[in-house]
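A.B. asks: For reference, this is structure.pdb, and it has PDB, C-alpha atoms.
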```pdb
ATOM      1  CA  ASP U   1      40.221  56.341  49.839
ATOM      2  CA  LEU U   2      38.733  55.105  46.549
ATOM      3  CA  ASP U   3      41.095  52.120  46.461
ATOM      4  CA  ASN U   4      39.975  50.963  49.904
ATOM      5  CA  LYS U   5      36.282  51.712  50.104
ATOM      6  CA  THR U   6      34.629  51.289  53.473
ATOM      7  CA  GLU U   7      31.771  48.945  54.314
ATOM      8  CA  ASP U   8      29.622  51.995  55.078
ATOM      9  CA  LEU U   9      29.944  53.135  51.462
ATOM     10  CA  ALA U  10      28.889  49.686  50.205
ATOM     11  CA  ILE U  11      25.803  49.881  52.389
ATOM     12  CA  LEU U  12      24.871  53.422  51.340
ATOM     13  CA  SER U  13      25.636  52.977  47.641
ATOM     14  CA  PRO U  14      24.644  49.706  45.883
ATOM     15  CA  TYR U  15      27.506  50.065  43.388
ATOM     16  CA  SER U  16      29.980  51.589  45.889
ATOM     17  CA  ALA U  17      29.892  54.759  43.822
ATOM     18  CA  SER U  18      31.132  58.040  45.232
ATOM     19  CA  PRO U  19      30.465  60.733  46.217
ATOM     20  CA  VAL U  20      27.517  59.895  48.461
ATOM     21  CA  LEU U  21      25.291  62.434  50.187
ATOM     22  CA  GLU U  22      23.312  61.267  53.213
ATOM     23  CA  GLU U  23      20.816  63.626  54.839
ATOM     24  CA  ARG U  24      18.364  62.113  57.292
ATOM     25  CA  ASP U  25      16.542  59.389  55.343
ATOM     26  CA  LEU U  26      17.768  60.634  51.937
ATOM     27  CA  ILE U  27      20.757  59.012  50.201
ATOM     28  CA  LEU U  28      22.031  60.355  46.859
ATOM     29  CA  THR U  29      24.910  58.877  44.841
ATOM     30  CA  ASP U  30      24.963  60.646  41.455
ATOM     31  CA  PRO U  31      27.173  63.794  41.452
ATOM     32  CA  ASN U  32      24.812  65.828  39.248
ATOM     33  CA  ILE U  33      21.780  64.892  41.342
ATOM     34  CA  ILE U  34      23.704  65.779  44.506
ATOM     35  CA  ASN U  35      24.663  69.174  43.053
ATOM     36  CA  GLU U  36      21.102  69.955  41.991
ATOM     37  CA  TYR U  37      19.700  68.866  45.354
ATOM     38  CA  ILE U  38      22.130  71.138  47.238
ATOM     39  CA  ASP U  39      21.273  73.973  44.838
ATOM     40  CA  GLU U  40      17.540  73.571  45.536
ATOM     41  CA  ARG U  41      18.073  72.981  49.252
ATOM     42  CA  PHE U  42      20.162  76.155  49.571
ATOM     43  CA  PRO U  43      18.956  78.307  46.647
ATOM     44  CA  HIS U  44      20.777  81.574  47.379
ATOM     45  CA  PRO U  45      22.525  82.123  45.060
ATOM     46  CA  GLN U  46      20.847  79.715  42.665
ATOM     47  CA  LEU U  47      23.247  77.837  40.377
ATOM     48  CA  MET U  48      20.724  76.248  38.009
ATOM     49  CA  PRO U  49      18.862  78.747  35.758
ATOM     50  CA  PRO U  50      15.259  79.513  36.802
ATOM     51  CA  ASP U  51      14.151  79.486  33.158
ATOM     52  CA  PRO U  52      13.084  75.931  32.065
ATOM     53  CA  VAL U  53      14.736  76.220  28.647
ATOM     54  CA  MET U  54      18.075  77.371  30.055
ATOM     55  CA  ARG U  55      17.860  74.749  32.797
ATOM     56  CA  ALA U  56      17.373  72.035  30.166
ATOM     57  CA  ARG U  57      20.369  73.355  28.221
ATOM     58  CA  ALA U  58      22.461  73.288  31.388
ATOM     59  CA  ARG U  59      21.516  69.641  31.967
ATOM     60  CA  LEU U  60      22.483  68.784  28.381
ATOM     61  CA  PHE U  61      25.869  70.438  28.935
ATOM     62  CA  LEU U  62      26.354  68.452  32.150
ATOM     63  CA  LYS U  63      25.478  65.215  30.354
ATOM     64  CA  ASP U  64      28.035  66.026  27.644
ATOM     65  CA  PHE U  65      30.692  66.826  30.266
ATOM     66  CA  GLU U  66      30.025  63.464  31.897
ATOM     67  CA  SER U  67      30.272  61.415  28.700
ATOM     68  CA  GLU U  68      33.113  63.326  27.003
ATOM     69  CA  LEU U  69      35.283  64.544  29.904
ATOM     70  CA  PHE U  70      34.612  63.185  33.368
ATOM     71  CA  VAL U  71      34.403  59.572  32.210
ATOM     72  CA  HIS U  72      38.173  59.763  31.588
ATOM     73  CA  MET U  73      39.128  61.038  35.057
ATOM     74  CA  LYS U  74      39.842  57.559  36.404
ATOM     75  CA  ASP U  75      42.151  56.786  33.468
ATOM     76  CA  LEU U  76      44.106  59.991  34.114
ATOM     77  CA  GLU U  77      45.253  58.375  37.371
ATOM     78  CA  ALA U  78      45.811  54.873  35.955
ATOM     79  CA  LYS U  79      49.084  53.062  36.627
ATOM     80  CA  GLU U  80      49.594  52.181  32.939
ATOM     81  CA  SER U  81      51.267  55.090  31.133
ATOM     82  CA  LYS U  82      49.538  54.280  27.816
ATOM     83  CA  VAL U  83      46.111  54.515  29.444
ATOM     84  CA  ARG U  84      47.056  57.827  31.099
ATOM     85  CA  GLU U  85      48.403  59.294  27.863
ATOM     86  CA  ASN U  86      45.313  58.328  25.850
ATOM     87  CA  ALA U  87      43.038  59.839  28.484
ATOM     88  CA  LYS U  88      45.183  62.989  28.674
ATOM     89  CA  LYS U  89      45.001  63.445  24.902
ATOM     90  CA  THR U  90      41.214  63.002  24.857
ATOM     91  CA  VAL U  91      40.606  65.364  27.779
ATOM     92  CA  THR U  92      42.959  67.995  26.328
ATOM     93  CA  ASN U  93      41.139  67.961  22.983
ATOM     94  CA  GLN U  94      37.744  68.253  24.668
ATOM     95  CA  LEU U  95      38.904  71.169  26.824
ATOM     96  CA  ILE U  96      40.276  73.000  23.789
ATOM     97  CA  LYS U  97      36.779  72.829  22.253
ATOM     98  CA  LEU U  98      35.467  74.937  25.159
ATOM     99  CA  SER U  99      37.731  77.890  24.393
ATOM    100  CA  PRO U 100      35.583  79.385  21.570
ATOM    101  CA  ILE U 101      32.632  79.504  23.989
ATOM    102  CA  LEU U 102      34.709  81.347  26.581
ATOM    103  CA  ASP U 103      36.031  83.771  23.974
ATOM    104  CA  LYS U 104      32.499  85.164  23.781
ATOM    105  CA  GLN U 105      31.244  84.958  27.367
ATOM    106  CA  GLU U 106      32.482  85.021  30.966
ATOM    107  CA  PHE U 107      31.220  81.625  32.080
ATOM    108  CA  LEU U 108      30.056  78.415  30.416
ATOM    109  CA  LEU U 109      26.386  79.382  30.642
ATOM    110  CA  HIS U 110      26.520  82.985  29.400
ATOM    111  CA  ASP U 111      27.681  85.632  31.887
ATOM    112  CA  GLU U 112      26.626  84.140  35.222
ATOM    113  CA  TYR U 113      28.369  81.577  37.414
ATOM    114  CA  SER U 114      26.324  78.371  37.250
ATOM    115  CA  MET U 115      26.264  74.647  37.950
ATOM    116  CA  LEU U 116      28.338  74.066  34.802
ATOM    117  CA  ASP U 117      31.221  75.982  36.334
ATOM    118  CA  VAL U 118      30.873  74.051  39.598
ATOM    119  CA  ALA U 119      31.106  70.774  37.675
ATOM    120  CA  MET U 120      34.115  71.900  35.635
ATOM    121  CA  ALA U 121      36.187  73.321  38.526
ATOM    122  CA  PRO U 122      37.616  70.028  39.932
ATOM    123  CA  LEU U 123      39.049  69.008  36.554
ATOM    124  CA  LEU U 124      40.578  72.427  35.851
ATOM    125  CA  TRP U 125      42.030  72.444  39.348
ATOM    126  CA  ARG U 126      43.949  69.243  38.551
ATOM    127  CA  LEU U 127      45.392  70.217  35.148
ATOM    128  CA  GLU U 128      48.962  70.411  36.439
ATOM    129  CA  LEU U 129      48.548  67.238  38.470
ATOM    130  CA  TYR U 130      47.511  65.374  35.316
ATOM    131  CA  ASP U 131      50.240  67.100  33.286
ATOM    132  CA  ILE U 132      47.654  68.531  30.876
ATOM    133  CA  LYS U 133      49.185  71.456  29.017
ATOM    134  CA  LEU U 134      46.923  73.868  27.145
ATOM    135  CA  GLY U 135      48.518  76.090  24.509
ATOM    136  CA  ASN U 136      47.838  79.589  23.263
ATOM    137  CA  GLN U 137      44.579  78.494  21.666
ATOM    138  CA  SER U 138      43.205  77.947  25.195
ATOM    139  CA  LYS U 139      44.075  81.298  26.793
ATOM    140  CA  SER U 140      40.406  82.057  27.386
ATOM    141  CA  LEU U 141      39.952  78.699  29.147
ATOM    142  CA  LEU U 142      42.904  79.305  31.471
ATOM    143  CA  LYS U 143      41.653  82.805  32.236
ATOM    144  CA  TYR U 144      38.225  81.304  32.941
ATOM    145  CA  ALA U 145      39.795  78.775  35.336
ATOM    146  CA  ASP U 146      41.403  81.572  37.363
ATOM    147  CA  LYS U 147      38.070  83.336  37.431
ATOM    148  CA  ILE U 148      36.018  80.418  38.790
ATOM    149  CA  PHE U 149      38.624  79.640  41.434
ATOM    150  CA  GLY U 150      38.380  83.275  42.504
ATOM    151  CA  VAL U 151      34.596  82.948  42.809
ATOM    152  CA  VAL U 152      34.834  79.987  45.179
ATOM    153  CA  GLY U 153      37.945  81.255  46.983
ATOM    154  CA  ILE U 154      40.292  78.476  45.815
ATOM    155  CA  ASP U 155      43.965  79.155  45.203
ATOM    156  CA  VAL U 156      45.698  75.850  45.914
ATOM    157  CA  GLU U 157      47.696  73.786  43.415
ATOM    158  CA  PHE U 158      48.185  70.034  43.763
ATOM    159  CA  THR U 159      51.135  69.122  41.523
ATOM    160  CA  ARG U 160      52.488  65.727  40.480
ATOM    161  CA  HIS U 161      55.203  66.217  43.118
ATOM    162  CA  PHE U 162      52.460  66.601  45.726
ATOM    163  CA  LEU U 163      50.867  63.312  44.649
ATOM    164  CA  ASP U 164      54.236  61.552  44.717
ATOM    165  CA  ARG U 165      54.912  62.917  48.203
ATOM    166  CA  VAL U 166      51.532  61.734  49.482
ATOM    167  CA  ASN U 167      52.265  58.217  48.181
ATOM    168  CA  ASP U 168      55.935  58.182  49.233
ATOM    169  CA  ILE U 169      57.025  54.892  50.841
ATOM    170  CA  ARG U 170      58.694  56.893  53.612
ATOM    171  CA  ASN U 171      55.215  57.650  54.931
ATOM    172  CA  GLN U 172      55.011  54.009  56.109
ATOM    173  CA  ARG U 173      51.340  54.191  55.187
ATOM    174  CA  GLN U 174      49.504  56.303  52.625
ATOM    175  CA  ILE U 175      48.261  59.683  53.828
ATOM    176  CA  THR U 176      44.453  59.683  53.719
ATOM    177  CA  TYR U 177      42.125  62.325  52.305
ATOM    178  CA  ALA U 178      40.686  62.840  55.781
ATOM    179  CA  GLU U 179      44.141  63.618  57.183
ATOM    180  CA  LEU U 180      44.866  66.103  54.393
ATOM    181  CA  ILE U 181      41.508  67.844  54.815
ATOM    182  CA  ARG U 182      42.019  68.093  58.581
ATOM    183  CA  LEU U 183      45.548  69.438  58.075
ATOM    184  CA  PHE U 184      44.426  72.116  55.609
ATOM    185  CA  LYS U 185      41.457  73.142  57.773
ATOM    186  CA  GLN U 186      43.695  73.356  60.823
ATOM    187  CA  SER U 187      46.285  75.447  58.961
ATOM    188  CA  TYR U 188      43.654  77.734  57.452
ATOM    189  CA  LYS U 189      42.074  78.351  60.847
ATOM    190  CA  LYS U 190      45.405  79.216  62.443
ATOM    191  CA  TYR U 191      47.336  80.877  59.599
ATOM    192  CA  GLY U 192      44.778  81.640  56.877
ATOM    193  CA  LYS U 193      44.894  85.430  57.187
ATOM    194  CA  LYS U 194      48.694  85.506  57.304
ATOM    195  CA  ILE U 195      49.031  83.198  54.291
ATOM    196  CA  ALA U 196      46.614  85.354  52.276
ATOM    197  CA  LYS U 197      48.979  88.331  52.689
ATOM    198  CA  LEU U 198      52.141  86.516  51.569
ATOM    199  CA  GLY U 199      51.573  86.947  47.812
ATOM    200  CA  ASP U 200      51.351  84.574  44.853
ATOM    201  CA  ASP U 201      55.014  83.473  44.911
ATOM    202  CA  ALA U 202      55.138  82.492  48.582
ATOM    203  CA  GLN U 203      55.777  78.869  49.560
ATOM    204  CA  ALA U 204      55.290  77.079  52.851
ATOM    205  CA  VAL U 205      55.765  73.694  54.492
ATOM    206  CA  ILE U 206      52.851  72.502  56.622
ATOM    207  CA  ASN U 207      53.796  70.121  59.416
ATOM    208  CA  ASP U 208      51.496  68.326  61.840
ATOM    209  CA  MET U 209      53.411  67.577  65.021
ATOM    210  CA  LYS U 210      50.802  65.053  66.197
ATOM    211  CA  THR U 211      50.907  62.810  63.110
ATOM    212  CA  ASP U 212      54.270  63.867  61.623
ATOM    213  CA  ILE U 213      52.582  64.668  58.299
ATOM    214  CA  ASN U 214      54.416  67.402  56.422
TER     215      ASN U 214
END
```
Translate the structure described by the file into structure tokens.

C.D. replies:
Amino acid sequence: DLDNKTEDLAILSPYSASPVLEERDLILTDPNIINEYIDERFPHPQLMPPDPVMRARARLFLKDFESELFVHMKDLEAKESKVRENAKKTVTNQLIKLSPILDKQEFLLHDEYSMLDVAMAPLLWRLELYDIKLGNQSKSLLKYADKIFGVVGIDVEFTRHFLDRVNDIRNQRQITYAELIRLFKQSYKKYGKKIAKLGDDAQAVINDMKTDIN
């Protein structure tokens, strides 16, 4: 819960930044460094290009994403509507600029799935949640989003209604990320194969009898 950070996070990360990766005596706090470390630690398939020139270009792209897109993520969830709208407008315009690239190639770094696509996926996954609407000029970007979710096996949508339900006062207390992750893992383990056969238009209610989360 980013609004109620634990003492453990403050100890691991001097600025209470997240995410944090801890492995033995190694602690990493920067998302890009974490991604590159995991890529080098488990290099098959490799997500950063082996060629030094292409690898440098990928890092430049990631730096641009950070300064032009991801820096606005927090404002997209701000309580003030003016702040949200300004961030939404900025992010929408930056995403539209990616469409010409994707008109010419399958992924952001030519025709192979790379670290750029990994970095972009969380934002594209939340487009509906943030009420970001991309028009006809962004067809290639939307097609690209479907493609990268297919690569990593993701086909879940978190809508604004979902966020409102998570924060509903009837919950008595806010549902935590850990509870949601456990609920989804539990449901996938038990019903994953059945759900996969239901089709794109199927809907379901997930209920946890132990915690009364639904």

A.B. asks: Work out how far CA of Val91 (chain U) is from CA of His110 (chain U), in Å to one decimal.

C.D. replies: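 Between CA of His110 (chain U) and CA of Val91 (chain U) the gap is 22.6 Å.
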
A.B. asks: Report the residues retrieved by the PyMOL selection byres ((chain U and resi 27) around 12) from the displayed file, expressed as a short mmCIF file (atom, residue, chain, number, x, y, z; two decimals) with C-alpha atoms, in the frame of the given file.

C.D. replies:
```cif
data_model
loop_
_atom_site.label_atom_id
_atom_site.label_comp_id
_atom_site.auth_asym_id
_atom_site.auth_seq_id
_atom_site.Cartn_x
_atom_site.Cartn_y
_atom_site.Cartn_z
CA LEU U 9 29.94 53.14 51.46
CA ILE U 11 25.80 49.88 52.39
CA LEU U 12 24.87 53.42 51.34
CA SER U 13 25.64 52.98 47.64
CA PRO U 14 24.64 49.71 45.88
CA ALA U 17 29.89 54.76 43.82
CA SER U 18 31.13 58.04 45.23
CA PRO U 19 30.46 60.73 46.22
CA VAL U 20 27.52 59.90 48.46
CA LEU U 21 25.29 62.43 50.19
CA GLU U 22 23.31 61.27 53.21
CA GLU U 23 20.82 63.63 54.84
CA ARG U 24 18.36 62.11 57.29
CA ASP U 25 16.54 59.39 55.34
CA LEU U 26 17.77 60.63 51.94
CA LEU U 28 22.03 60.36 46.86
CA THR U 29 24.91 58.88 44.84
CA ASP U 30 24.96 60.65 41.46
CA PRO U 31 27.17 63.79 41.45
CA ILE U 33 21.78 64.89 41.34
CA ILE U 34 23.70 65.78 44.51
CA TYR U 37 19.70 68.87 45.35
#
```

A.B. asks: Quick one: apply the PyMOL selection byres ((chain U and resi 127) around 12) to the file and drop the selected residues here as a list of chain:residue names.

C.D. replies: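 Checked against the file, the PyMOL selection byres ((chain U and resi 127) around 12) matches U:Met73, U:Leu76, U:Lys88, U:Val91, U:Thr92, U:Leu95, U:Met120, U:Ala121, U:Pro122, U:Leu123, U:Leu124, U:Trp125, U:Arg126, U:Glu128, U:Leu129, U:Tyr130, U:Asp131, U:Ile132, U:Lys133, U:Leu134, U:Leu141, U:Leu142, U:Ala145, U:Glu157, U:Phe158, U:Thr159, U:Arg160.
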
A.B. asks: Specify as a list in words each residue included when the PyMOL selection byres ((chain U and resi 75) around 12) is applied to this file.

C.D. replies: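 For this structure, the PyMOL selection byres ((chain U and resi 75) around 12) captures Leu69, Phe70, Val71, His72, Met73, Lys74, Leu76, Glu77, Ala78, Lys79, Glu80, Ser81, Lys82, Val83, Arg84, Glu85, Asn86, Ala87, Lys88, Lys89, Thr90, Val91 and Tyr130 of chain U.
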
A.B. asks: Record the distance separating CA of Asp51 (chain U) and CA of Ser140 (chain U), expressed in Å with one decimal.

C.D. replies: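 These two atoms are separated by 27.0 Å.
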
A.B. asks: Tell me, in Å to one decimal, how far CA of Leu116 (chain U) is from CA of Gln46 (chain U).

C.D. replies: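 So the answer is 12.2 Å.
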
A.B. asks: Which residues, written as a list in words, have at least one atom at most 12 Å from Glu112 (chain U), with only C-alpha atoms counted and residues fewer than 4 positions away on the same chain left out?

C.D. replies: Pro45, Gln46, Leu47, Met48, Pro49, Gln105, Glu106, Phe107, Leu108, Leu116, Asp117, Val118, Lys147, Ile148 and Val151 of chain U

A.B. asks: So, with only C-alpha atoms as the atoms that count, which of U:Lys143, U:Glu40, U:Gly135, U:Ser67 lies closest to Asp103 (chain U)?

C.D. replies: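 Nearest candidate to Asp103 (chain U) out of U:Lys143, U:Glu40, U:Gly135, U:Ser67: U:Lys143.
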
A.B. asks: Provide region 107-154 of chain U of the preceding structure as a file containing C-alpha atoms, as a PDB file, in the first residue's frame.

C.D. replies:
```pdb
ATOM      1  CA  PHE U 107       7.440  -3.794 -31.080  1.00  0.00           C
ATOM      2  CA  LEU U 108       9.054  -0.620 -29.757  1.00  0.00           C
ATOM      3  CA  LEU U 109      12.575  -1.856 -30.483  1.00  0.00           C
ATOM      4  CA  HIS U 110      12.141  -3.203 -34.026  1.00  0.00           C
ATOM      5  CA  ASP U 111      10.535  -6.642 -34.386  1.00  0.00           C
ATOM      6  CA  GLU U 112      11.512  -8.347 -31.130  1.00  0.00           C
ATOM      7  CA  TYR U 113       9.907  -8.158 -27.695  1.00  0.00           C
ATOM      8  CA  SER U 114      12.290  -6.232 -25.438  1.00  0.00           C
ATOM      9  CA  MET U 115      12.700  -4.388 -22.152  1.00  0.00           C
ATOM     10  CA  LEU U 116      10.922  -1.375 -23.671  1.00  0.00           C
ATOM     11  CA  ASP U 117       7.752  -3.412 -24.030  1.00  0.00           C
ATOM     12  CA  VAL U 118       8.079  -4.696 -20.460  1.00  0.00           C
ATOM     13  CA  ALA U 119       8.332  -1.112 -19.202  1.00  0.00           C
ATOM     14  CA  MET U 120       5.366   0.082 -21.268  1.00  0.00           C
ATOM     15  CA  ALA U 121       2.961  -2.769 -20.400  1.00  0.00           C
ATOM     16  CA  PRO U 122       1.799  -1.555 -16.930  1.00  0.00           C
ATOM     17  CA  LEU U 123       0.719   1.835 -18.287  1.00  0.00           C
ATOM     18  CA  LEU U 124      -1.115   0.368 -21.288  1.00  0.00           C
ATOM     19  CA  TRP U 125      -2.797  -2.120 -18.982  1.00  0.00           C
ATOM     20  CA  ARG U 126      -4.303   0.766 -16.991  1.00  0.00           C
ATOM     21  CA  LEU U 127      -5.604   2.901 -19.882  1.00  0.00           C
ATOM     22  CA  GLU U 128      -9.255   2.232 -19.060  1.00  0.00           C
ATOM     23  CA  LEU U 129      -8.645   2.670 -15.346  1.00  0.00           C
ATOM     24  CA  TYR U 130      -7.199   6.130 -16.008  1.00  0.00           C
ATOM     25  CA  ASP U 131      -9.951   6.899 -18.535  1.00  0.00           C
ATOM     26  CA  ILE U 132      -7.373   7.497 -21.281  1.00  0.00           C
ATOM     27  CA  LYS U 133      -9.078   7.223 -24.654  1.00  0.00           C
ATOM     28  CA  LEU U 134      -6.964   6.826 -27.786  1.00  0.00           C
ATOM     29  CA  GLY U 135      -8.602   7.599 -31.125  1.00  0.00           C
ATOM     30  CA  ASN U 136      -8.217   6.223 -34.620  1.00  0.00           C
ATOM     31  CA  GLN U 137      -4.757   7.739 -34.942  1.00  0.00           C
ATOM     32  CA  SER U 138      -3.579   5.243 -32.292  1.00  0.00           C
ATOM     33  CA  LYS U 139      -4.911   1.993 -33.775  1.00  0.00           C
ATOM     34  CA  SER U 140      -1.394   0.610 -34.106  1.00  0.00           C
ATOM     35  CA  LEU U 141      -0.704   1.367 -30.427  1.00  0.00           C
ATOM     36  CA  LEU U 142      -3.858  -0.426 -29.273  1.00  0.00           C
ATOM     37  CA  LYS U 143      -3.044  -3.397 -31.488  1.00  0.00           C
ATOM     38  CA  TYR U 144       0.468  -3.389 -30.016  1.00  0.00           C
ATOM     39  CA  ALA U 145      -0.983  -3.397 -26.482  1.00  0.00           C
ATOM     40  CA  ASP U 146      -3.017  -6.530 -27.239  1.00  0.00           C
ATOM     41  CA  LYS U 147       0.095  -8.116 -28.661  1.00  0.00           C
ATOM     42  CA  ILE U 148       2.350  -7.530 -25.637  1.00  0.00           C
ATOM     43  CA  PHE U 149      -0.334  -8.721 -23.235  1.00  0.00           C
ATOM     44  CA  GLY U 150      -0.555 -11.889 -25.318  1.00  0.00           C
ATOM     45  CA  VAL U 151       3.213 -12.371 -25.013  1.00  0.00           C
ATOM     46  CA  VAL U 152       3.131 -12.247 -21.216  1.00  0.00           C
ATOM     47  CA  GLY U 153      -0.216 -14.048 -20.896  1.00  0.00           C
ATOM     48  CA  ILE U 154      -2.165 -11.098 -19.450  1.00  0.00           C
TER      49      ILE U 154
END
```
